[in-house]
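Asks: Could you have a look at this structure, given as structure tokens, before my questions?
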Amino acid sequence: MVMVSRSCWVAWLVCCQVLLAASAAQRPGNSATEVSRTDALIKLCQVWSDVKFLDPQLMTRQVDWDGALIRALPHVREAHTYDELATSLGSMLAELNDPATRVVRVDKSAAAKVPLFRWDNDVLVINIGPYSDAEGIDALYSLDQLLPPEMGKAKSVIIDMRAREDVEWALEDLTLVSEPVAVPGFRYVFHSGSPPQSGWGSSGLLLTTSPPLEPSRPAKSVPSRVVFVVRSDVPLMTAALWWNGRAAIVSEQPISDSSLGLTKDVEIGGGSTAKIRVAESLAGGIVADAVVAPSADDAPMKKALAIARDNTPFAARSRREVAAAPVMQKDAPYEQMTSPDLPYRLLALFRAWSTIDRFYPYKHLIGDWDAVLREFIPRFEDANDGNAYVRAVMELNARVEDGHSSVWGHPAIREIAGGVFFLPLEIRSVEGKYVVTGKAESLPKETAITIGDEVVSIDGETIGDRVKRFWKYYTASHETARLNRVLSLGTRGAKDSVAELVVRGEDGVEHPVKITRTMYSPIAKEGAIWRVLDGNIGYADLTRLTLEQVDGMFDTLKGTNAIIFDMRGYPQGTAVSITPRINSNNAQIGATFRRVQISAFSWAMAHTGFYFDQVLPKSDKPRYTGKTVMLIDDRAISQSEHMGLWFESANGTKFIGSNSAGAHGGMDTLVLPGGVYMSFSYMDVRHADGRQLQRIGLVPDVVVTPTIRGLRQGKDEVLDRALSYLRGQ
């Protein structure tokens, strides 16, 4: 038996209590009323970002919505129950000063049975709201068939709209007018792609029309007086009748223009729901005819009955047109916060995660993005200095798995990377080893390193270990592209720093080499940019060919049997001039695009988006009719891949080499606290026939990759294979 002193026993108990308390902050609630801190923050992110991207008022007036989040965060993190969470979220929404956007308690208990209609002497009372609460909202379908035939005989009708859920649509089944009555339209937020942080963007306000209230066919008699009973939200059709002097409104709370519009419900949990404005009416100037607080004897209904029986004509009402110009509010970079406090770190996470969640066109290709938010909330909470914060941002960015994904702008990035100056070498993975495949123009010629040498270590660290260390910070669209990107970005260092390499030559002997890091320098290439090879086959290096040189290239190569276009890198914007010169297919379309569109006007927009075909350019210059092939590998990215799509459509250009980078769609940027910038692809670009390009790349018709032996012998095995292919070998 082991004896433990009392002091040790007490210390052990205290330690256990601390650990249990920490665990409780993260574990799911163990009852219907408890909420974990992470779950509470996830719900906060959802509500905050819904307002940010969908509430039209954030485009028509200055709102410190970041500040509202910052002020809410401590309270949300301290919430232990859903009721406390609802209170915290309600306080944040209250900063909008919009009664339509609020947190409400949803009563899930069974509502008392209420008949759909009843007669109060000569007044017909239609209980649309209470009836739906008792029977379910589906019970309101075909409402006109459920009402008595004698409804048309009623001179006065009261319509009770007080309900748990939106029941405005049920009014469409009622005949309340003898001639058409105009219903004002709505104004929604509309984003085509993510809200721009620089330059001109494609976010704004979408104005829509509403169908008028129509009389029935065949014509039925309509009530001469209609009184609506509401809580605080006013259906737009109700407002239209009120403006036209056809109805009165009795409200349990004061109403105003903010009572008009549409809201989106976000379930908080524990019986509470956040209502978020997603549209506002294009007309205003509404007030209640009577404001009567609810009571045990239903005082609002008593007042409605009195108005229904009063023969005094409804007063004339004027309708005010609403026309506020949209103002795009850019996200503040908070550049001075190089080490953001906890609330601003979570603001960064919420901004980045919600932007990708809503606007990244390839989200379906990157796995469970919801799980990423859950994973990174505690990581951003724990990132309590600038270095840890930037590491968290870089790791979050790497989960997007896109060659366009990168992070810059914060001084800690230099520290994490060891600097931003490059080795004047091209090191790539060849046959499972890390091999020198090119030398930069800035590398001194006397440097004792040869194409084909294997790099064993850099600054005392094996290059394999270095790759593992940087893997989580840098991403790409497929594994080969990611590995080669890490080999480039993960071998950087400080300005003028001297890298100490150990390389293994063809003889198998390892030897040290010292190389000074510099600004990025192009890889040196030999030979003319365009030339005629053996067999009367043309060659053009698209990474060096400029727009001004295209005509000269075609003049030289016009009599060749075929042209090899070398696209193992990035082009000089020449696709627009070359494509029409090789378009023997007379193709019209070069690629198809989809851009994510967000608006509460149509929830389907986020799943379909804006599609368009890109028309190929035309030219009156002579057309080349010989065969063409394109050399590719993962260095062909974005514009390079787009060039391949155009060439493929124009004349069926064949691809030789290995898959391109699979990263296309332009680049958009979001800004995070601390002046951190994060980029991502903003459009889904595909082959002209709709085939996927992202995460796959251009797929070679003939697969060939370099070998270490070939590199050491000075061969270009990909080019050699293209030549043999064109010769029919």
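Identifiers in the structure tokens: chain A, B, ... in order shown; residue index from 1 per chain; ligand index from 1 in order shown.
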From a DSSP calculation on the backbone, collect every residue of region 456-590 of chain A in alpha helix (DSSP H) and output the set as a ChimeraX atom specification.
Replies: /A:463-470,479-489,550-557,575-578
Asks: Save the residues we just selected, N, CA and C atoms, as a PDB file, in the first residue's frame?
Replies:
ATOM      1  N   ILE A 463      16.964  17.734 -45.684  1.00  0.00           N
ATOM      2  CA  ILE A 463      15.916  18.403 -46.433  1.00  0.00           C
ATOM      3  C   ILE A 463      14.574  17.694 -46.253  1.00  0.00           C
ATOM      4  N   GLY A 464      14.628  16.398 -45.981  1.00  0.00           N
ATOM      5  CA  GLY A 464      13.389  15.681 -45.687  1.00  0.00           C
ATOM      6  C   GLY A 464      12.730  16.194 -44.426  1.00  0.00           C
ATOM      7  N   ASP A 465      13.539  16.438 -43.378  1.00  0.00           N
ATOM      8  CA  ASP A 465      12.993  16.981 -42.134  1.00  0.00           C
ATOM      9  C   ASP A 465      12.470  18.398 -42.350  1.00  0.00           C
ATOM     10  N   ARG A 466      13.155  19.159 -43.183  1.00  0.00           N
ATOM     11  CA  ARG A 466      12.698  20.523 -43.454  1.00  0.00           C
ATOM     12  C   ARG A 466      11.350  20.501 -44.170  1.00  0.00           C
ATOM     13  N   VAL A 467      11.184  19.604 -45.099  1.00  0.00           N
ATOM     14  CA  VAL A 467       9.907  19.468 -45.795  1.00  0.00           C
ATOM     15  C   VAL A 467       8.797  19.136 -44.801  1.00  0.00           C
ATOM     16  N   LYS A 468       9.060  18.209 -43.894  1.00  0.00           N
ATOM     17  CA  LYS A 468       8.053  17.853 -42.890  1.00  0.00           C
ATOM     18  C   LYS A 468       7.714  19.043 -42.008  1.00  0.00           C
ATOM     19  N   ARG A 469       8.713  19.859 -41.665  1.00  0.00           N
ATOM     20  CA  ARG A 469       8.498  20.994 -40.773  1.00  0.00           C
ATOM     21  C   ARG A 469       7.631  22.073 -41.425  1.00  0.00           C
ATOM     22  N   PHE A 470       7.790  22.278 -42.705  1.00  0.00           N
ATOM     23  CA  PHE A 470       7.061  23.347 -43.383  1.00  0.00           C
ATOM     24  C   PHE A 470       5.790  22.867 -44.080  1.00  0.00           C
ATOM     25  N   GLU A 479      -0.522  16.732 -54.300  1.00  0.00           N
ATOM     26  CA  GLU A 479       0.644  16.438 -53.479  1.00  0.00           C
ATOM     27  C   GLU A 479       1.970  16.773 -54.173  1.00  0.00           C
ATOM     28  N   THR A 480       2.082  16.478 -55.461  1.00  0.00           N
ATOM     29  CA  THR A 480       3.334  16.768 -56.157  1.00  0.00           C
ATOM     30  C   THR A 480       3.605  18.269 -56.178  1.00  0.00           C
ATOM     31  N   ALA A 481       2.566  19.047 -56.492  1.00  0.00           N
ATOM     32  CA  ALA A 481       2.725  20.501 -56.517  1.00  0.00           C
ATOM     33  C   ALA A 481       3.040  21.036 -55.126  1.00  0.00           C
ATOM     34  N   ARG A 482       2.433  20.431 -54.111  1.00  0.00           N
ATOM     35  CA  ARG A 482       2.683  20.899 -52.748  1.00  0.00           C
ATOM     36  C   ARG A 482       4.129  20.611 -52.337  1.00  0.00           C
ATOM     37  N   LEU A 483       4.621  19.440 -52.663  1.00  0.00           N
ATOM     38  CA  LEU A 483       5.987  19.085 -52.301  1.00  0.00           C
ATOM     39  C   LEU A 483       6.983  20.039 -52.956  1.00  0.00           C
ATOM     40  N   ASN A 484       6.811  20.318 -54.219  1.00  0.00           N
ATOM     41  CA  ASN A 484       7.743  21.205 -54.908  1.00  0.00           C
ATOM     42  C   ASN A 484       7.601  22.647 -54.440  1.00  0.00           C
ATOM     43  N   ARG A 485       6.397  23.036 -54.018  1.00  0.00           N
ATOM     44  CA  ARG A 485       6.225  24.381 -53.463  1.00  0.00           C
ATOM     45  C   ARG A 485       6.935  24.493 -52.120  1.00  0.00           C
ATOM     46  N   VAL A 486       6.825  23.459 -51.283  1.00  0.00           N
ATOM     47  CA  VAL A 486       7.524  23.471 -49.996  1.00  0.00           C
ATOM     48  C   VAL A 486       9.031  23.511 -50.213  1.00  0.00           C
ATOM     49  N   LEU A 487       9.521  22.821 -51.225  1.00  0.00           N
ATOM     50  CA  LEU A 487      10.953  22.834 -51.510  1.00  0.00           C
ATOM     51  C   LEU A 487      11.430  24.231 -51.908  1.00  0.00           C
ATOM     52  N   SER A 488      10.541  25.023 -52.464  1.00  0.00           N
ATOM     53  CA  SER A 488      10.914  26.392 -52.834  1.00  0.00           C
ATOM     54  C   SER A 488      10.758  27.348 -51.658  1.00  0.00           C
ATOM     55  N   LEU A 489       9.569  27.341 -51.033  1.00  0.00           N
ATOM     56  CA  LEU A 489       9.299  28.308 -49.968  1.00  0.00           C
ATOM     57  C   LEU A 489       9.944  27.915 -48.646  1.00  0.00           C
ATOM     58  N   VAL A 550       5.228  37.156 -80.612  1.00  0.00           N
ATOM     59  CA  VAL A 550       4.392  36.078 -81.143  1.00  0.00           C
ATOM     60  C   VAL A 550       4.424  36.052 -82.669  1.00  0.00           C
ATOM     61  N   ASP A 551       4.266  37.193 -83.312  1.00  0.00           N
ATOM     62  CA  ASP A 551       4.261  37.207 -84.776  1.00  0.00           C
ATOM     63  C   ASP A 551       5.591  36.714 -85.332  1.00  0.00           C
ATOM     64  N   GLY A 552       6.695  37.124 -84.710  1.00  0.00           N
ATOM     65  CA  GLY A 552       7.999  36.662 -85.162  1.00  0.00           C
ATOM     66  C   GLY A 552       8.154  35.168 -84.996  1.00  0.00           C
ATOM     67  N   MET A 553       7.616  34.632 -83.905  1.00  0.00           N
ATOM     68  CA  MET A 553       7.679  33.185 -83.684  1.00  0.00           C
ATOM     69  C   MET A 553       6.934  32.441 -84.791  1.00  0.00           C
ATOM     70  N   PHE A 554       5.715  32.906 -85.129  1.00  0.00           N
ATOM     71  CA  PHE A 554       4.954  32.228 -86.179  1.00  0.00           C
ATOM     72  C   PHE A 554       5.616  32.402 -87.544  1.00  0.00           C
ATOM     73  N   ASP A 555       6.234  33.543 -87.783  1.00  0.00           N
ATOM     74  CA  ASP A 555       6.925  33.733 -89.061  1.00  0.00           C
ATOM     75  C   ASP A 555       8.038  32.702 -89.228  1.00  0.00           C
ATOM     76  N   THR A 556       8.742  32.418 -88.148  1.00  0.00           N
ATOM     77  CA  THR A 556       9.840  31.452 -88.218  1.00  0.00           C
ATOM     78  C   THR A 556       9.328  30.017 -88.319  1.00  0.00           C
ATOM     79  N   LEU A 557       8.242  29.712 -87.614  1.00  0.00           N
ATOM     80  CA  LEU A 557       7.786  28.319 -87.486  1.00  0.00           C
ATOM     81  C   LEU A 557       6.625  27.969 -88.410  1.00  0.00           C
ATOM     82  N   ALA A 575      -1.486  33.969 -74.659  1.00  0.00           N
ATOM     83  CA  ALA A 575      -2.575  33.094 -75.116  1.00  0.00           C
ATOM     84  C   ALA A 575      -3.518  33.821 -76.058  1.00  0.00           C
ATOM     85  N   VAL A 576      -3.782  35.082 -75.783  1.00  0.00           N
ATOM     86  CA  VAL A 576      -4.738  35.847 -76.579  1.00  0.00           C
ATOM     87  C   VAL A 576      -4.268  36.017 -78.018  1.00  0.00           C
ATOM     88  N   SER A 577      -2.938  35.988 -78.251  1.00  0.00           N
ATOM     89  CA  SER A 577      -2.411  36.140 -79.608  1.00  0.00           C
ATOM     90  C   SER A 577      -2.146  34.805 -80.288  1.00  0.00           C
ATOM     91  N   ILE A 578      -1.745  33.797 -79.506  1.00  0.00           N
ATOM     92  CA  ILE A 578      -1.409  32.501 -80.110  1.00  0.00           C
ATOM     93  C   ILE A 578      -2.659  31.698 -80.444  1.00  0.00           C
TER      94      ILE A 578
END
Asks: Fewer than 4 positions away in the same chain doesn't count, so skip those; otherwise give me all residues within 8 Å of region 429-440 of chain A, counting only C-alpha atoms, as a list in words.
Replies: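 In the requested form, the answer reads Pro424, Leu425, Thr450, Ile451, Gly452, Asp453, Glu454, Val455, Val456, Ile463, Leu483, Asn484, Ser521, Pro522, Ile523, Ala524, Pro706, Thr707, Ile708 and Leu711 of chain A.
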Asks: Pick out the closest residue to Asp620 (chain A) from this set: A:Ala587, A:Leu93, A:Asp368, A:Ile582. Count only C-alpha atoms.
Replies: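 The shortest atom-to-atom distance to Asp620 (chain A) comes from A:Ile582.
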Asks: Check which residues of region 613-655 of chain A sit at most 12 Å from region 663-679 of chain A using only C-alpha atoms, and return one row each with the closest pair of atoms and their distance in Å to one decimal, ordered by chain and rising number, as a Markdown table.
Replies:
| residue | atom | partner | partner_atom | distance |
| --- | --- | --- | --- | --- |
| A:Asp634 | CA | A:Ala663 | CA | 9.6 |
| A:Arg635 | CA | A:Ala663 | CA | 10.5 |
| A:Ala636 | CA | A:Ala663 | CA | 9.1 |
| A:Ile637 | CA | A:Ala663 | CA | 5.9 |
| A:Ser638 | CA | A:His664 | CA | 4.3 |
| A:Gln639 | CA | A:His664 | CA | 7.4 |
| A:Ser640 | CA | A:His664 | CA | 9.1 |
| A:Glu641 | CA | A:His664 | CA | 7.2 |
| A:His642 | CA | A:His664 | CA | 7.6 |
| A:Met643 | CA | A:His664 | CA | 11.1 |
| A:Gly644 | CA | A:His664 | CA | 11.6 |
| A:Leu645 | CA | A:His664 | CA | 11.1 |
Asks: At a cut-off of 12 Å, using only C-alpha atoms, what residues contact Ala722 (chain A)? Leave out same-chain residues fewer than 2 positions from it and give the result as a PyMOL selection string.
Replies: chain A and resi 533+537-539+562-566+627-632+654-657+700-705+716-720+724-729
Asks: When you look at Arg374 (chain A) with a cut-off of 8 Å (counting only C-alpha atoms), what residues show up, excluding the ones that are within fewer than 3 positions of it in the same chain? I need them as a compact mmCIF listing (two decimals) with C-alpha atoms, in the first residue's frame.
Replies:
# COMPACT_ATOMS: atom_id res chain seq x y z
CA THR A 38 -16.50 25.86 -28.76
CA ASP A 39 -20.13 25.20 -29.73
CA ILE A 42 -19.37 28.30 -33.63
CA ASP A 370 -17.18 22.84 -40.66
CA ALA A 371 -14.77 20.54 -38.84
CA ILE A 377 -11.24 27.79 -32.50
CA PRO A 378 -9.14 26.49 -29.57
Asks: Can you list, as a list of chain:residue names, every protein, DNA or RNA residue that comes within 12 Å of Ala600 (chain A) when you count only C-alpha atoms, leaving out same-chain residues fewer than 4 positions away?
Replies: A:Asp50, A:Val51, A:Phe53, A:Leu54, A:Asp55, A:Pro56, A:Phe186, A:Arg187, A:Tyr188, A:Val189, A:Phe190, A:His191, A:Leu205, A:Leu206, A:Leu207, A:Thr208, A:Gly261, A:Leu262, A:Thr263, A:Lys264, A:Asp265, A:Ile276, A:Arg277, A:Val278, A:Ala279, A:Glu280, A:Ala604, A:Met605, A:Ala606
Asks: Please provide the set of residues having any atom within 9 Å of region 138-146 of chain A, restricted to only C-alpha atoms, with same-chain residues fewer than 5 positions apart removed, written as a list of chain:residue names.
Replies: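 That gives A:Leu116, A:Ile128, A:Tyr131, A:Ser132, A:Val167, A:Ala170, A:Leu171, A:Glu172, A:Asp173, A:Leu174, A:Thr175.
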Asks: Nearest residue to Asp684 (chain A) out of A:Glu95, A:Glu500, A:Asp613, A:Asp633, using only C-alpha atoms?
Replies: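 Comparing A:Glu95, A:Glu500, A:Asp613, A:Asp633 against Asp684 (chain A), the winner is A:Asp613.
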Asks: Assign secondary structure with DSSP using the backbone only, and return the residues of region 304-504 of chain A in strand (DSSP E or B) as a PyMOL selection string.
Replies: chain A and resi 320-321+406-408+421-422+425-430+433-440+454-458+461-462+493+498-504
Asks: Output the selection as a compact mmCIF listing (two decimals), in the first residue's frame - N, CA and C atoms for each residue.
Replies:
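Written output follows (part.txt):
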# COMPACT_ATOMS: atom_id res chain seq x y z
N ARG A 320 -43.69 56.17 -48.46
CA ARG A 320 -42.40 56.79 -48.72
C ARG A 320 -41.50 55.80 -49.43
N GLU A 321 -40.89 56.25 -50.52
CA GLU A 321 -39.98 55.40 -51.27
C GLU A 321 -38.61 55.41 -50.60
N SER A 406 -2.21 31.50 -50.13
CA SER A 406 -0.97 31.94 -49.51
C SER A 406 -1.29 33.02 -48.48
N VAL A 407 -0.30 33.30 -47.63
CA VAL A 407 -0.45 34.28 -46.55
C VAL A 407 0.76 35.21 -46.59
N TRP A 408 0.51 36.50 -46.42
CA TRP A 408 1.61 37.46 -46.40
C TRP A 408 1.21 38.71 -45.61
N PHE A 421 14.08 35.38 -48.65
CA PHE A 421 15.01 35.37 -49.76
C PHE A 421 15.30 33.93 -50.17
N PHE A 422 15.40 33.71 -51.48
CA PHE A 422 15.40 32.36 -52.04
C PHE A 422 16.81 31.86 -52.31
N LEU A 425 18.45 28.43 -56.72
CA LEU A 425 18.41 27.08 -57.28
C LEU A 425 16.95 26.67 -57.47
N GLU A 426 16.74 25.74 -58.35
CA GLU A 426 15.45 25.06 -58.44
C GLU A 426 15.66 23.65 -57.93
N ILE A 427 15.01 23.33 -56.80
CA ILE A 427 15.11 22.00 -56.22
C ILE A 427 13.73 21.36 -56.33
N ARG A 428 13.66 20.19 -56.94
CA ARG A 428 12.39 19.50 -57.14
C ARG A 428 12.52 18.03 -56.77
N SER A 429 11.38 17.43 -56.54
CA SER A 429 11.36 16.01 -56.23
C SER A 429 11.47 15.21 -57.53
N VAL A 430 12.51 14.42 -57.61
CA VAL A 430 12.73 13.58 -58.79
C VAL A 430 13.04 12.17 -58.31
N LYS A 433 13.70 11.77 -54.64
CA LYS A 433 14.81 12.48 -54.03
C LYS A 433 14.70 13.97 -54.34
N TYR A 434 15.44 14.77 -53.58
CA TYR A 434 15.38 16.22 -53.74
C TYR A 434 16.59 16.65 -54.57
N VAL A 435 16.30 17.05 -55.80
CA VAL A 435 17.35 17.16 -56.81
C VAL A 435 17.38 18.57 -57.39
N VAL A 436 18.58 19.05 -57.67
CA VAL A 436 18.76 20.34 -58.35
C VAL A 436 18.37 20.16 -59.81
N THR A 437 17.32 20.89 -60.22
CA THR A 437 16.85 20.78 -61.61
C THR A 437 17.09 22.05 -62.40
N GLY A 438 17.55 23.10 -61.72
CA GLY A 438 17.82 24.34 -62.42
C GLY A 438 18.64 25.27 -61.57
N LYS A 439 19.34 26.18 -62.23
CA LYS A 439 20.12 27.19 -61.54
C LYS A 439 19.60 28.57 -61.92
N ALA A 440 19.48 29.44 -60.93
CA ALA A 440 19.02 30.79 -61.21
C ALA A 440 20.09 31.59 -61.93
N GLU A 454 21.87 15.65 -55.82
CA GLU A 454 20.86 15.46 -54.78
C GLU A 454 21.21 16.34 -53.58
N VAL A 455 20.23 17.11 -53.10
CA VAL A 455 20.44 17.94 -51.92
C VAL A 455 20.11 17.10 -50.70
N VAL A 456 21.09 16.93 -49.82
CA VAL A 456 20.93 16.09 -48.64
C VAL A 456 20.44 16.90 -47.45
N SER A 457 21.06 18.06 -47.23
CA SER A 457 20.68 18.86 -46.07
C SER A 457 20.91 20.34 -46.37
N ILE A 458 20.25 21.19 -45.58
CA ILE A 458 20.42 22.64 -45.66
C ILE A 458 20.58 23.16 -44.23
N GLU A 461 20.13 20.67 -41.38
CA GLU A 461 18.85 19.94 -41.27
C GLU A 461 18.63 19.17 -42.55
N THR A 462 18.32 17.88 -42.43
CA THR A 462 18.06 17.12 -43.65
C THR A 462 16.90 17.77 -44.38
N GLY A 493 15.51 32.05 -46.59
CA GLY A 493 16.21 32.55 -45.42
C GLY A 493 16.30 34.05 -45.46
N VAL A 498 23.80 33.00 -45.92
CA VAL A 498 24.55 31.97 -46.64
C VAL A 498 24.04 30.60 -46.21
N ALA A 499 23.45 29.90 -47.16
CA ALA A 499 22.95 28.55 -46.88
C ALA A 499 24.08 27.54 -47.03
N GLU A 500 24.20 26.68 -46.04
CA GLU A 500 25.21 25.63 -46.10
C GLU A 500 24.54 24.32 -46.50
N LEU A 501 24.76 23.93 -47.73
CA LEU A 501 24.15 22.73 -48.28
C LEU A 501 25.13 21.56 -48.26
N VAL A 502 24.60 20.38 -48.11
CA VAL A 502 25.35 19.16 -48.37
C VAL A 502 24.67 18.50 -49.56
N VAL A 503 25.44 18.28 -50.62
CA VAL A 503 24.87 17.69 -51.83
C VAL A 503 25.61 16.40 -52.16
N ARG A 504 24.91 15.52 -52.85
CA ARG A 504 25.49 14.25 -53.26
C ARG A 504 25.53 14.21 -54.78
Asks: Pick the closest to Arg391 (chain A) from A:Tyr473, A:Leu373, A:Ile589, A:Met328: which is it, counting only C-alpha atoms?
Replies: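 Ranking A:Tyr473, A:Leu373, A:Ile589, A:Met328 by distance to Arg391 (chain A), first place goes to A:Tyr473.
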